[in-house]
Amino acid sequence: MSFLYKIWVLLVFTVFMLLFLPGILIPAFFGPRAVAVTYFFMKAWSWVFSKLTFIHYEIVGRERIPKGSAFIYVGNHTSFLDLPGIALTIRGQFRPLAKKELLKIPVFGWVTKATCVVVDRNDSESRKKSIGFLKKILGFGISILIFPEGTQNRTNNLLQPFKDGAFRIAVDTQQSIMPLAVLGAKRLMPPGKLDFKPGKIKIVVGEPIRVQPGSDIQILKEEARAQIERMLLQGAANS
């Protein structure tokens, strides 16, 4: 059954990604604001993928996200299944920061290029350009998504150490930070494995962290990490 389920998930992923692909890719040619159409189709794809694969997303605290407000979203990262749930959680459009290795995935690589800010982590010039583009996106009133751990958490620790990037951008732009906690994704699709299980993934929205001129990067980082850790522990205790 697990083999047949895996084939079904891959089939749903590919078929519906190809069906929605024109609506995802074409708006990207008309500038950052037009990509709002892209995110309509991305959210639609996420909803269809969830329903047909029996991977259900429970969203808690979405009412804390004001309509029309842009944030720097930061969250834990344990699985490729994080992103469909986060796409359904965030109001409006947003741009994730993505590593260039995702461009190699068939079909999904095209979507990554159209919807994400791609960075080569081994190239300092690429990182610098990506940070500059993220700041430009925030200037348009569009949210960004950064996983401050830098990569999927393959350890047994609740969280990996957070990098400074997201919080440095927050200070530079004085943009509020919104913590997110993703629970259960690692169990349904472990990092680094093409394996799936049906089940429930919970996305918990934290309290916004206001950023003032001169805010301390380390304090912001510690506050965001503490919120995410607390939500993960509470979610695990209630499951």
# chains A, B, ... in the order shown; residues from 1 in each chain; ligands from 1
>>> closest_atom_pairs(of="stretch 67-96 of chain A", to="stretch 199-214 of chain A", cutoff="8 Å", atoms="only C-alpha atoms", output="Markdown table")
| residue | atom | partner | partner_atom | distance |
| --- | --- | --- | --- | --- |
| A:Gly85 | CA | A:Ile203 | CA | 6.8 |
| A:Ile86 | CA | A:Ile203 | CA | 7.1 |
| A:Thr89 | CA | A:Ile203 | CA | 7.5 |
>>> residues_around(residues="A:Leu81", least_positions_apart="6", cutoff="10 Å", atoms="only C-alpha atoms", output="list in words")
Ser46, Ser50, Ile55, Tyr57, Val182, Gly184, Ala185, Lys186, Leu188, Met189, Pro190, Pro191, Phe196 and Ile201 of chain A
>>> closest_atom_pairs(of="stretch 204-236 of chain A", to="stretch 151-172 of chain A", cutoff="9 Å", atoms="only C-alpha atoms", output="JSON lines")
{"residue": "A:Val211", "atom": "CA", "partner": "A:Val171", "partner_atom": "CA", "distance": 6.4}
{"residue": "A:Gln212", "atom": "CA", "partner": "A:Val171", "partner_atom": "CA", "distance": 7.3}
{"residue": "A:Pro213", "atom": "CA", "partner": "A:Val171", "partner_atom": "CA", "distance": 6.9}
{"residue": "A:Gly214", "atom": "CA", "partner": "A:Val171", "partner_atom": "CA", "distance": 7.0}
{"residue": "A:Ser215", "atom": "CA", "partner": "A:Val171", "partner_atom": "CA", "distance": 6.2}
{"residue": "A:Asp216", "atom": "CA", "partner": "A:Val171", "partner_atom": "CA", "distance": 7.7}
{"residue": "A:Ile217", "atom": "CA", "partner": "A:Phe167", "partner_atom": "CA", "distance": 5.6}
{"residue": "A:Gln218", "atom": "CA", "partner": "A:Asp164", "partner_atom": "CA", "distance": 7.8}
{"residue": "A:Leu220", "atom": "CA", "partner": "A:Phe167", "partner_atom": "CA", "distance": 6.5}
{"residue": "A:Lys221", "atom": "CA", "partner": "A:Phe167", "partner_atom": "CA", "distance": 6.3}
{"residue": "A:Glu222", "atom": "CA", "partner": "A:Phe162", "partner_atom": "CA", "distance": 8.7}
{"residue": "A:Arg225", "atom": "CA", "partner": "A:Phe162", "partner_atom": "CA", "distance": 7.6}
{"residue": "A:Ile228", "atom": "CA", "partner": "A:Leu159", "partner_atom": "CA", "distance": 8.8}
{"residue": "A:Glu229", "atom": "CA", "partner": "A:Leu158", "partner_atom": "CA", "distance": 7.3}
{"residue": "A:Leu232", "atom": "CA", "partner": "A:Leu158", "partner_atom": "CA", "distance": 7.9}
{"residue": "A:Leu233", "atom": "CA", "partner": "A:Leu158", "partner_atom": "CA", "distance": 8.6}
>>> select_by_dssp(residues="stretch 67-139 of chain A", states="strand (DSSP E or B)", output="list in words")
Ile72, Tyr73, Val74, Gly75, Phe94, Arg95, Pro96, Leu97, Ala98, Lys99, Val117, Val118 and Val119 of chain A
>>> write_last_selection(atoms="C-alpha atoms", output="tab-separated table (two decimals), in the first residue's frame")
chain	number	residue	atom	x	y	z
A	72	ILE	CA	9.28	38.56	7.28
A	73	TYR	CA	8.04	35.04	8.02
A	74	VAL	CA	10.50	32.74	9.78
A	75	GLY	CA	9.85	29.11	10.64
A	94	PHE	CA	5.18	36.06	-0.54
A	95	ARG	CA	8.65	35.13	-1.76
A	96	PRO	CA	10.56	32.27	-0.14
A	97	LEU	CA	14.34	32.23	-0.10
A	98	ALA	CA	15.31	28.96	-1.80
A	99	LYS	CA	18.59	27.16	-2.41
A	117	VAL	CA	14.43	34.18	-4.57
A	118	VAL	CA	17.11	31.61	-5.40
A	119	VAL	CA	20.50	31.75	-3.70
>>> select_by_dssp(residues="stretch 20-209 of chain A", states="alpha helix (DSSP H)", output="VMD selection string")
chain A and resid 20 to 25 35 to 53 82 to 89 108 to 115 124 to 139 165 to 173 185 to 188
>>> closest_residue(among="A:His56, A:Cys116, A:Glu101, A:Val37", to="A:Asp82", atoms="only C-alpha atoms")
A:His56
>>> closest_residue(among="A:Leu18, A:Gly92, A:Trp8, A:Ser2", to="A:Phe40", atoms="only C-alpha atoms")
A:Gly92
>>> residues_around(residues="A:Leu102", least_positions_apart="6", cutoff="9 Å", atoms="only C-alpha atoms", output="PDB file with C-alpha atoms, in the first residue's frame")
ATOM      1  CA  PHE A 108       9.264  22.019  -9.495  1.00  0.00           C
ATOM      2  CA  GLY A 109      12.512  23.694 -10.545  1.00  0.00           C
ATOM      3  CA  THR A 112      11.026  27.602  -7.824  1.00  0.00           C
ATOM      4  CA  LYS A 113      12.602  29.955 -10.345  1.00  0.00           C
ATOM      5  CA  VAL A 118      17.113  31.612  -5.404  1.00  0.00           C
TER       6      VAL A 118
END
>>> closest_residue(among="A:Ala236, A:Leu194, A:Leu4, A:Ile137", to="A:Gln175", atoms="only C-alpha atoms")
A:Ile137
>>> closest_residue(among="A:Gln93, A:Leu183, A:Ala70, A:Gly192", to="A:Lys135", atoms="only C-alpha atoms")
A:Ala70
>>> decode(residues="stretch 124-222 of chain A", atoms="C-alpha atoms", output="PDB file, in the first residue's frame")
ATOM      1  CA  SER A 124      28.941  35.204  -1.467  1.00  0.00           C
ATOM      2  CA  GLU A 125      27.975  37.394  -4.442  1.00  0.00           C
ATOM      3  CA  SER A 126      24.806  35.336  -5.005  1.00  0.00           C
ATOM      4  CA  ARG A 127      23.881  35.701  -1.311  1.00  0.00           C
ATOM      5  CA  LYS A 128      24.440  39.451  -1.483  1.00  0.00           C
ATOM      6  CA  LYS A 129      22.234  39.828  -4.590  1.00  0.00           C
ATOM      7  CA  SER A 130      19.501  37.670  -3.058  1.00  0.00           C
ATOM      8  CA  ILE A 131      19.416  39.767   0.115  1.00  0.00           C
ATOM      9  CA  GLY A 132      19.189  42.937  -1.985  1.00  0.00           C
ATOM     10  CA  PHE A 133      16.280  41.503  -3.976  1.00  0.00           C
ATOM     11  CA  LEU A 134      14.445  40.433  -0.803  1.00  0.00           C
ATOM     12  CA  LYS A 135      14.684  44.007   0.477  1.00  0.00           C
ATOM     13  CA  LYS A 136      13.266  45.230  -2.847  1.00  0.00           C
ATOM     14  CA  ILE A 137      10.359  42.765  -2.563  1.00  0.00           C
ATOM     15  CA  LEU A 138       9.560  44.048   0.941  1.00  0.00           C
ATOM     16  CA  GLY A 139       9.525  47.559  -0.524  1.00  0.00           C
ATOM     17  CA  PHE A 140       6.633  46.464  -2.758  1.00  0.00           C
ATOM     18  CA  GLY A 141       4.674  45.426   0.350  1.00  0.00           C
ATOM     19  CA  ILE A 142       5.207  41.720  -0.397  1.00  0.00           C
ATOM     20  CA  SER A 143       6.081  39.294   2.404  1.00  0.00           C
ATOM     21  CA  ILE A 144       9.157  37.094   2.361  1.00  0.00           C
ATOM     22  CA  LEU A 145       9.734  33.650   3.879  1.00  0.00           C
ATOM     23  CA  ILE A 146      13.095  32.577   5.256  1.00  0.00           C
ATOM     24  CA  PHE A 147      13.948  29.367   7.097  1.00  0.00           C
ATOM     25  CA  PRO A 148      16.570  30.705   9.534  1.00  0.00           C
ATOM     26  CA  GLU A 149      18.019  27.234  10.123  1.00  0.00           C
ATOM     27  CA  GLY A 150      19.276  27.457   6.537  1.00  0.00           C
ATOM     28  CA  THR A 151      18.264  23.934   5.515  1.00  0.00           C
ATOM     29  CA  GLN A 152      15.958  21.079   6.501  1.00  0.00           C
ATOM     30  CA  ASN A 153      16.530  19.857  10.034  1.00  0.00           C
ATOM     31  CA  ARG A 154      17.994  16.349   9.761  1.00  0.00           C
ATOM     32  CA  THR A 155      19.035  16.230  13.420  1.00  0.00           C
ATOM     33  CA  ASN A 156      17.177  14.979  16.485  1.00  0.00           C
ATOM     34  CA  ASN A 157      17.234  18.497  17.948  1.00  0.00           C
ATOM     35  CA  LEU A 158      14.013  20.484  17.980  1.00  0.00           C
ATOM     36  CA  LEU A 159      15.711  23.330  16.098  1.00  0.00           C
ATOM     37  CA  GLN A 160      19.080  23.933  14.516  1.00  0.00           C
ATOM     38  CA  PRO A 161      21.000  27.173  15.209  1.00  0.00           C
ATOM     39  CA  PHE A 162      19.436  30.211  13.524  1.00  0.00           C
ATOM     40  CA  LYS A 163      21.411  32.282  11.046  1.00  0.00           C
ATOM     41  CA  ASP A 164      21.360  36.084  11.152  1.00  0.00           C
ATOM     42  CA  GLY A 165      20.122  36.817   7.600  1.00  0.00           C
ATOM     43  CA  ALA A 166      16.373  37.165   8.184  1.00  0.00           C
ATOM     44  CA  PHE A 167      16.879  39.311  11.270  1.00  0.00           C
ATOM     45  CA  ARG A 168      19.477  41.521   9.631  1.00  0.00           C
ATOM     46  CA  ILE A 169      16.980  42.218   6.820  1.00  0.00           C
ATOM     47  CA  ALA A 170      14.309  42.961   9.433  1.00  0.00           C
ATOM     48  CA  VAL A 171      16.525  45.581  11.094  1.00  0.00           C
ATOM     49  CA  ASP A 172      17.575  47.104   7.752  1.00  0.00           C
ATOM     50  CA  THR A 173      13.948  47.403   6.559  1.00  0.00           C
ATOM     51  CA  GLN A 174      12.226  47.786   9.971  1.00  0.00           C
ATOM     52  CA  GLN A 175       9.815  45.071   8.821  1.00  0.00           C
ATOM     53  CA  SER A 176       7.957  43.040  11.453  1.00  0.00           C
ATOM     54  CA  ILE A 177       8.804  39.362  11.895  1.00  0.00           C
ATOM     55  CA  MET A 178       6.126  36.664  12.037  1.00  0.00           C
ATOM     56  CA  PRO A 179       7.218  33.299  13.522  1.00  0.00           C
ATOM     57  CA  LEU A 180       5.686  30.067  12.194  1.00  0.00           C
ATOM     58  CA  ALA A 181       5.932  26.564  13.639  1.00  0.00           C
ATOM     59  CA  VAL A 182       5.378  23.475  11.473  1.00  0.00           C
ATOM     60  CA  LEU A 183       4.523  20.260  13.321  1.00  0.00           C
ATOM     61  CA  GLY A 184       4.234  16.763  11.883  1.00  0.00           C
ATOM     62  CA  ALA A 185       5.760  17.268   8.429  1.00  0.00           C
ATOM     63  CA  LYS A 186       8.945  15.373   9.257  1.00  0.00           C
ATOM     64  CA  ARG A 187       6.932  12.315  10.256  1.00  0.00           C
ATOM     65  CA  LEU A 188       4.968  12.278   6.971  1.00  0.00           C
ATOM     66  CA  MET A 189       7.960  12.995   4.710  1.00  0.00           C
ATOM     67  CA  PRO A 190      11.394  12.759   6.346  1.00  0.00           C
ATOM     68  CA  PRO A 191      14.054  15.145   5.004  1.00  0.00           C
ATOM     69  CA  GLY A 192      16.165  13.718   2.221  1.00  0.00           C
ATOM     70  CA  LYS A 193      13.762  10.847   1.501  1.00  0.00           C
ATOM     71  CA  LEU A 194      11.196  10.364  -1.253  1.00  0.00           C
ATOM     72  CA  ASP A 195       8.746   8.752   1.119  1.00  0.00           C
ATOM     73  CA  PHE A 196       5.239   9.848   2.112  1.00  0.00           C
ATOM     74  CA  LYS A 197       2.512   9.039   4.599  1.00  0.00           C
ATOM     75  CA  PRO A 198      -1.014  10.444   4.856  1.00  0.00           C
ATOM     76  CA  GLY A 199      -1.759  12.385   8.009  1.00  0.00           C
ATOM     77  CA  LYS A 200      -2.032  15.841   9.562  1.00  0.00           C
ATOM     78  CA  ILE A 201       0.460  18.696   9.581  1.00  0.00           C
ATOM     79  CA  LYS A 202      -0.165  21.640  11.882  1.00  0.00           C
ATOM     80  CA  ILE A 203       0.974  25.187  11.071  1.00  0.00           C
ATOM     81  CA  VAL A 204       0.949  27.516  14.082  1.00  0.00           C
ATOM     82  CA  VAL A 205       1.206  31.295  13.649  1.00  0.00           C
ATOM     83  CA  GLY A 206       3.009  33.115  16.441  1.00  0.00           C
ATOM     84  CA  GLU A 207       2.847  36.684  17.654  1.00  0.00           C
ATOM     85  CA  PRO A 208       4.370  39.367  15.422  1.00  0.00           C
ATOM     86  CA  ILE A 209       7.701  40.740  16.550  1.00  0.00           C
ATOM     87  CA  ARG A 210       7.896  44.484  15.973  1.00  0.00           C
ATOM     88  CA  VAL A 211      11.201  45.842  14.722  1.00  0.00           C
ATOM     89  CA  GLN A 212      12.302  49.352  15.680  1.00  0.00           C
ATOM     90  CA  PRO A 213      15.215  51.452  14.394  1.00  0.00           C
ATOM     91  CA  GLY A 214      18.318  50.149  16.134  1.00  0.00           C
ATOM     92  CA  SER A 215      16.757  46.807  17.184  1.00  0.00           C
ATOM     93  CA  ASP A 216      19.361  44.224  18.162  1.00  0.00           C
ATOM     94  CA  ILE A 217      19.692  41.333  15.676  1.00  0.00           C
ATOM     95  CA  GLN A 218      20.576  38.801  18.371  1.00  0.00           C
ATOM     96  CA  ILE A 219      17.605  39.745  20.546  1.00  0.00           C
ATOM     97  CA  LEU A 220      15.221  39.454  17.566  1.00  0.00           C
ATOM     98  CA  LYS A 221      16.718  36.081  16.671  1.00  0.00           C
ATOM     99  CA  GLU A 222      16.394  34.795  20.228  1.00  0.00           C
TER     100      GLU A 222
END
